[in-house]
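query-v4.txt (compact mmCIF, C-alpha atoms and all ligand atoms) appears below.
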```txt
# COMPACT_ATOMS: atom_id res chain seq x y z
CA MET A 1 25.63 -5.55 45.44
CA GLN A 2 26.08 -4.61 41.81
CA LEU A 3 23.06 -2.91 40.24
CA LYS A 4 22.16 -4.02 36.76
CA VAL A 5 21.52 -1.01 34.53
CA ILE A 6 18.61 -1.66 32.21
CA GLN A 7 19.07 0.20 28.96
CA PRO A 8 15.82 1.43 27.42
CA GLU A 9 15.16 -0.17 24.06
CA PRO A 10 15.84 2.25 21.20
CA LYS A 11 12.81 3.71 19.51
CA PHE A 12 12.54 4.93 15.95
CA SER A 13 12.34 8.68 15.57
CA CYS A 14 11.86 10.18 12.10
CA SER A 15 14.28 13.08 11.57
CA GLN A 16 11.96 14.52 8.90
CA CYS A 17 14.84 14.64 6.42
CA GLY A 18 12.28 14.34 3.59
CA SER A 19 14.42 11.83 1.70
CA CYS A 20 11.68 9.16 1.44
CA CYS A 21 9.35 11.76 -0.15
CA SER A 22 11.93 13.33 -2.47
CA LYS A 23 12.77 10.22 -4.55
CA ILE A 24 9.58 8.33 -5.10
CA ARG A 25 10.09 7.20 -8.72
CA GLY A 26 11.04 3.54 -9.15
CA MET A 27 11.14 2.85 -5.39
CA MET A 28 9.84 -0.69 -5.23
CA PRO A 29 10.94 -3.76 -3.27
CA ARG A 30 12.89 -6.14 -5.52
CA GLU A 31 10.50 -9.08 -5.09
CA ASP A 32 7.49 -6.89 -6.05
CA LYS A 33 9.32 -5.71 -9.16
CA GLU A 34 10.23 -9.23 -10.27
CA PHE A 35 6.66 -10.44 -9.77
CA LEU A 36 5.10 -7.48 -11.58
CA GLU A 37 7.52 -7.71 -14.53
CA LYS A 38 6.46 -11.32 -15.03
CA MET A 39 2.74 -11.09 -14.34
CA ALA A 40 1.32 -7.59 -14.45
CA TYR A 41 1.43 -6.94 -18.20
CA GLY A 42 -1.62 -8.94 -19.18
CA LYS A 43 -1.27 -12.30 -17.39
CA MET A 44 -3.29 -11.31 -14.32
CA PRO A 45 -6.64 -9.51 -13.89
CA LEU A 46 -4.76 -6.46 -12.55
CA ILE A 47 -2.99 -4.76 -15.44
CA GLN A 48 -0.03 -2.43 -14.97
CA LEU A 49 -0.70 0.74 -16.97
CA VAL A 50 2.73 2.40 -16.73
CA PRO A 51 6.30 1.05 -17.00
CA LEU A 52 7.66 -0.01 -13.60
CA GLU A 53 10.60 2.42 -13.77
CA GLN A 54 8.07 5.28 -14.11
CA MET A 55 6.02 4.07 -11.13
CA THR A 56 5.85 5.78 -7.81
CA PHE A 57 4.05 4.40 -4.78
CA PRO A 58 0.45 3.21 -5.18
CA LEU A 59 -2.52 5.18 -3.96
CA TYR A 60 -5.67 3.11 -3.44
CA ASP A 61 -8.67 4.65 -5.16
CA TRP A 62 -10.12 6.10 -1.95
CA GLU A 63 -6.71 7.58 -1.10
CA ALA A 64 -6.38 9.05 -4.60
CA LYS A 65 -9.81 10.72 -4.20
CA ARG A 66 -8.55 12.44 -1.04
CA PHE A 67 -5.26 13.44 -2.66
CA LYS A 68 -7.17 14.95 -5.59
CA LYS A 69 -9.15 17.08 -3.09
CA TRP A 70 -6.08 18.06 -1.04
CA GLN A 71 -4.12 19.09 -4.15
CA HIS A 72 -6.73 21.80 -4.79
CA GLU A 73 -6.68 22.93 -1.16
CA ALA A 74 -2.86 23.09 -1.21
CA GLY A 75 -2.67 24.64 -4.70
CA ILE A 76 -0.58 21.72 -5.99
CA ASP A 77 -0.78 19.57 -9.10
CA GLY A 78 -0.44 16.06 -7.66
CA LYS A 79 -0.03 14.55 -11.17
CA ILE A 80 -2.34 11.72 -10.07
CA LYS A 81 -2.93 9.11 -12.77
CA PRO A 82 -4.27 5.52 -12.87
CA SER A 83 -1.55 2.88 -12.42
CA ARG A 84 -3.38 -0.48 -12.25
CA ALA A 85 -6.74 -1.50 -13.64
CA ILE A 86 -8.94 -4.46 -14.50
CA LEU A 87 -10.59 -4.52 -17.91
CA ASP A 88 -14.02 -6.04 -17.29
CA LEU A 89 -15.27 -7.76 -20.43
CA ASN A 90 -18.83 -8.04 -19.00
CA THR A 91 -19.30 -4.28 -19.03
CA ASN A 92 -16.35 -3.09 -21.15
CA THR A 93 -15.35 -0.97 -18.15
CA ALA A 94 -11.87 -0.22 -16.84
CA ILE A 95 -11.94 -0.65 -13.06
CA ILE A 96 -9.16 1.50 -11.61
CA VAL A 97 -7.66 -0.13 -8.51
CA THR A 98 -4.65 2.10 -7.86
CA TYR A 99 -3.30 5.50 -8.90
CA PHE A 100 0.17 6.99 -8.69
CA MET A 101 1.75 10.43 -8.71
CA ASP A 102 3.69 10.84 -11.95
CA SER A 103 6.62 12.77 -10.50
CA ASP A 104 10.23 12.14 -9.38
CA ALA A 105 9.64 13.84 -6.00
CA CYS A 106 6.27 13.86 -4.28
CA PRO A 107 4.47 17.02 -5.51
CA PHE A 108 3.21 17.59 -1.95
CA LEU A 109 6.77 18.00 -0.63
CA LYS A 110 7.46 21.74 -0.25
CA ASP A 111 10.65 23.11 1.38
CA ASN A 112 11.41 19.58 2.56
CA LYS A 113 8.08 19.37 4.41
CA CYS A 114 4.89 17.52 3.58
CA SER A 115 2.20 20.13 2.84
CA ILE A 116 -0.58 17.73 3.83
CA TYR A 117 1.08 16.23 6.91
CA TYR A 118 -1.97 17.13 9.07
CA THR A 119 -4.21 14.83 6.97
CA LYS A 120 -4.51 11.05 7.03
CA ARG A 121 -2.22 10.91 3.93
CA ALA A 122 -1.76 7.54 2.21
CA TYR A 123 -0.62 4.27 3.73
CA VAL A 124 2.70 4.43 1.91
CA CYS A 125 3.36 7.85 3.45
CA ARG A 126 2.60 6.56 6.93
CA LEU A 127 4.33 3.19 6.84
CA PHE A 128 7.86 4.34 5.99
CA PRO A 129 10.61 3.30 7.02
CA PHE A 130 8.80 -0.03 6.47
CA ASN A 131 8.32 -1.35 2.95
CA ARG A 132 6.22 -4.20 4.27
CA GLY A 133 5.18 -5.71 7.59
CA PRO A 134 6.12 -9.12 9.02
CA PHE A 135 2.83 -10.91 8.24
CA LEU A 136 2.61 -10.43 4.46
CA ASP A 137 2.89 -13.72 2.60
CA THR A 138 5.27 -13.06 -0.33
CA GLY A 139 6.99 -16.45 -0.34
CA GLU A 140 9.98 -14.83 1.41
CA LYS A 141 9.83 -14.80 5.21
CA ALA A 142 9.96 -11.31 6.67
CA SER A 143 13.24 -10.40 8.30
CA LYS A 144 14.94 -7.20 9.32
CA GLU A 145 16.87 -7.37 6.02
CA ASN A 146 13.80 -7.25 3.74
CA MET A 147 11.24 -5.13 5.58
CA PHE A 148 12.72 -1.63 5.44
CA GLY A 149 13.45 1.04 2.87
CA THR A 150 16.50 3.29 3.02
CA CYS A 151 16.16 5.59 6.03
CA GLY A 152 18.98 7.19 8.01
CA ALA A 153 16.96 7.18 11.24
CA MET A 154 16.94 3.36 11.19
CA GLU A 155 20.68 3.18 11.87
CA SER A 156 20.23 3.37 15.65
CA VAL A 157 17.35 0.86 15.68
CA MET A 158 18.51 -1.80 13.20
CA PRO A 159 21.24 -3.43 15.36
CA HIS A 160 18.70 -3.98 18.15
CA ILE A 161 16.08 -5.80 16.04
CA PRO A 162 16.11 -9.47 17.10
CA GLU A 163 16.76 -12.17 14.46
CA ASN A 164 14.17 -14.52 15.96
CA TYR A 165 10.81 -13.91 14.20
CA THR A 166 8.59 -13.81 17.32
CA ASP A 167 10.99 -11.58 19.25
CA MET A 168 11.32 -9.36 16.18
CA VAL A 169 7.54 -8.81 15.87
CA LYS A 170 7.28 -7.99 19.58
CA PHE A 171 10.21 -5.59 19.32
CA LEU A 172 8.75 -3.85 16.24
CA ASN A 173 5.45 -3.41 18.03
CA GLY A 174 7.16 -1.35 20.73
CA ALA A 175 9.84 0.45 18.74
CA PHE A 176 7.78 2.62 16.37
CA PRO A 177 5.82 5.20 18.39
CA ASP A 178 5.05 7.05 15.11
CA GLY A 179 2.61 4.24 14.24
CA SER A 180 4.52 3.17 11.12
CA PHE A 181 4.56 -0.48 12.22
CA GLY A 182 0.75 -0.59 12.55
CA ASN A 183 0.39 1.22 9.23
CA ALA A 184 2.68 -1.31 7.51
CA VAL A 185 0.71 -4.26 8.92
CA GLN A 186 -2.60 -2.67 7.89
CA HIS A 187 -1.26 -1.85 4.42
CA ASP A 188 -0.38 -5.52 3.90
CA ILE A 189 -3.90 -6.46 5.02
CA VAL A 190 -5.33 -4.01 2.44
CA ILE A 191 -3.16 -5.59 -0.31
CA GLU A 192 -4.51 -9.03 0.65
CA TRP A 193 -8.08 -7.68 0.80
CA VAL A 194 -7.81 -6.25 -2.73
CA ASN A 195 -6.47 -9.55 -4.11
CA LYS A 196 -9.11 -11.66 -2.33
CA THR A 197 -11.89 -9.31 -3.41
CA ILE A 198 -10.85 -9.55 -7.07
CA VAL A 199 -10.91 -13.36 -6.82
CA ALA A 200 -14.35 -13.23 -5.14
CA LEU A 201 -15.71 -10.92 -7.88
CA ILE A 202 -14.52 -13.37 -10.54
CA LYS A 203 -16.04 -16.37 -8.70
CA LYS A 204 -19.36 -14.56 -8.33
CA ARG A 205 -19.13 -13.65 -12.04
CA LEU A 206 -19.46 -9.98 -11.19
CA ILE A 207 -16.43 -9.33 -13.39
CA ARG A 208 -14.86 -11.13 -16.36
CA PRO A 209 -11.32 -9.72 -16.48
CA ALA A 210 -9.46 -9.57 -19.79
CA MET A 211 -6.32 -11.71 -19.52
CA ASN A 212 -3.77 -13.19 -21.90
CA TYR A 213 -4.41 -10.63 -24.62
CA PRO A 214 -1.47 -8.71 -26.12
CA TYR A 215 -0.51 -5.94 -23.69
CA ASP A 216 -0.80 -3.10 -26.25
CA PHE A 217 -4.34 -4.25 -27.07
CA LEU A 218 -5.30 -4.24 -23.36
CA VAL A 219 -3.87 -0.78 -22.76
CA LYS A 220 -5.70 0.63 -25.80
CA ARG A 221 -9.00 -0.95 -24.71
CA ILE A 222 -8.53 0.42 -21.16
CA SER A 223 -7.75 3.89 -22.42
CA ASN A 224 -10.93 3.93 -24.54
CA ALA A 225 -13.19 2.26 -21.95
CA GLU A 226 -15.47 3.97 -19.46
CA LYS A 227 -13.68 4.12 -16.09
CA ILE A 228 -14.82 3.47 -12.55
CA ASP A 229 -12.89 3.29 -9.26
CA PHE A 230 -12.64 -0.16 -7.63
CA THR A 231 -14.56 0.71 -4.46
CA ASP A 232 -17.26 2.51 -6.50
CA PHE A 233 -17.56 -0.63 -8.62
CA LEU A 234 -17.99 -2.77 -5.48
CA VAL A 235 -20.96 -0.61 -4.49
CA LYS A 236 -22.38 -0.33 -8.03
CA SER A 237 -22.29 -4.12 -8.46
CA ASN A 238 -23.95 -4.60 -5.02
CA TYR A 239 -20.93 -6.49 -3.69
CA PHE A 240 -21.11 -4.02 -0.78
CA SER A 241 -23.71 -1.45 0.20
CA SER A 242 -22.34 2.10 0.32
CA GLY A 243 -22.56 1.96 4.16
CA GLU A 244 -20.54 -1.28 4.27
CA MET A 245 -17.92 0.20 1.95
CA GLU A 246 -17.66 3.36 4.08
CA ASN A 247 -17.29 1.30 7.26
CA LEU A 248 -14.61 -0.86 5.70
CA ILE A 249 -12.57 2.18 4.65
CA LYS A 250 -12.96 3.53 8.21
CA ARG A 251 -11.64 0.18 9.52
CA PHE A 252 -8.66 0.50 7.17
CA ASP A 253 -8.07 4.13 8.25
CA ASN A 254 -8.15 3.17 11.93
CA ASN A 255 -5.79 0.21 11.43
CA SER A 256 -8.43 -1.90 13.18
CA ASP A 257 -7.40 -5.15 11.47
CA ALA A 258 -3.72 -4.53 12.17
CA LYS A 259 -4.38 -3.91 15.87
CA GLU A 260 -6.32 -7.20 16.12
CA LYS A 261 -3.65 -9.12 14.20
CA ILE A 262 -0.77 -7.81 16.34
CA GLU A 263 -2.71 -8.35 19.59
CA GLU A 264 -3.53 -11.93 18.61
CA PHE A 265 0.09 -12.62 17.65
CA ILE A 266 1.40 -11.32 20.97
CA LYS A 267 -1.26 -13.24 22.95
CA ASN A 268 -0.35 -16.51 21.20
CA ASN A 269 3.41 -16.18 21.36
S1 LIG A 301 11.15 8.15 7.50
FE1 LIG A 301 13.37 8.20 7.34
S2 LIG A 301 13.81 8.86 5.25
FE2 LIG A 301 11.66 9.40 5.69
S3 LIG A 301 11.71 11.50 6.44
FE3 LIG A 301 11.83 10.17 8.25
S4 LIG A 301 14.03 9.92 8.63
FE4 LIG A 301 13.83 10.73 6.53
S1 LIG A 302 2.15 13.15 0.68
FE1 LIG A 302 3.58 13.99 2.17
S2 LIG A 302 4.29 12.22 3.35
FE2 LIG A 302 3.33 11.43 1.47
S3 LIG A 302 5.05 11.19 0.07
FE3 LIG A 302 4.17 13.23 -0.27
S4 LIG A 302 5.35 14.63 0.98
FE4 LIG A 302 5.76 12.56 1.70
```
Can you turn what I pasted into structure tokens?
Ligand code: SF4
Ligand code: SF4
Amino acid sequence: MQLKVIQPEPKFSCSQCGSCCSKIRGMMPREDKEFLEKMAYGKMPLIQLVPLEQMTFPLYDWEAKRFKKWQHEAGIDGKIKPSRAILDLNTNTAIIVTYFMDSDACPFLKDNKCSIYYTKRAYVCRLFPFNRGPFLDTGEKASKENMFGTCGAMESVMPHIPENYTDMVKFLNGAFPDGSFGNAVQHDIVIEWVNKTIVALIKKRLIRPAMNYPYDFLVKRISNAEKIDFTDFLVKSNYFSSGEMENLIKRFDNNSDAKEKIEEFIKNN
């Protein structure tokens, strides 16, 4: 009798080369760039405050607050600045939704190592080699060709990723013991939550975002306006109580929504 040798499926293992942290400027999936170039300079409630080629990855406001604290603890200037905001005409307030680190390499990268690796870090730090997960609706179906950034450690995994969508999701769920797959799925859920929440705020008339004004005018108004972080605004406007906001951020941190989404997908397929 001939024994069939079952090969274990390859698993991703980060070699900690530091390359994804050393070139963070301008790293953006093509479809995001195209969309932002068209829409983010005054045609949508969310206004891009810096040129796209200057952008590094986004930090949500609660992540930026943590990074601002950690930079002091680590003796680092994180160069953290607002990157996207809503100008609310009701209150003449600039609501800062995301920040970025204005640097070519991540300022927290020292001797090729992350100096805050022991912390929760930001989603974008924890989701790489993914750029996005398979459930995000961008108009382009997720495939192994459009989900990943450039990462040498993916070379051994890539050929084994199935083409079939269902098989691919199941494979991804088992192949990333570092948790990056769950982080990518949760990050996409956070993106969708931000967009839906902005729409809900407009419908409830809690904000009246400035749109279709000349871009230079918007940027000037934002720079002169009083500023508030998005999640602080949600509490201040009674959209959430502070306890609800805290619990929601805990849910995001624990990838609770991603775990449910992946479990449901696997159960139904
Ligand atoms: S995720 Fe990839 S690019 Fe980033 S440090 Fe690990 S091996 Fe290097
Ligand atoms: S905070 Fe750490 S993991 Fe995140 S980009 Fe910077 S060096 Fe990399």
Practice prompt. Measure the distance from CA of Cys125 (chain A) to CA of Tyr60 (chain A) in Å and round it to one decimal.
Written response: 12.3 Å
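Taking CA of Gln186 (chain A) and atom FE2 of ligand LIG 302 (chain A) as endpoints, the distance between them is 16.6 Å.
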Discussion item. Using only C-alpha atoms and all ligand atoms, which residues have at least one atom no more than 9 Å from ligand LIG 302 (chain A)? Output them as number ranges by chain.
Written reply: A: 18-22, 24, 57, 67, 105-110, 112-117, 121-126
Discussion item. Distance limit 8 Å, reference ligand LIG 301 (chain A), atoms considered: all atoms listed in the file. Which residues make the cut? Give them as a VMD selection string.
Written reply: chain A and resid 13 to 21 128 to 129 150 to 154
Worksheet entry | Within 6 Å of region 132-145 of chain A using only C-alpha atoms, minus same-chain residues under 3 positions, as a PyMOL selection string | chain A and resi 184-185+188
Go ahead and write the selection's residues with C-alpha atoms as a short mmCIF file (atom, residue, chain, number, x, y, z; two decimals), in the coordinates of the input.
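See again-v5.cif below for the written result:
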```
data_model
loop_
_atom_site.label_atom_id
_atom_site.label_comp_id
_atom_site.auth_asym_id
_atom_site.auth_seq_id
_atom_site.Cartn_x
_atom_site.Cartn_y
_atom_site.Cartn_z
CA ALA A 184 2.68 -1.31 7.51
CA VAL A 185 0.71 -4.26 8.92
CA ASP A 188 -0.38 -5.52 3.90
#
```
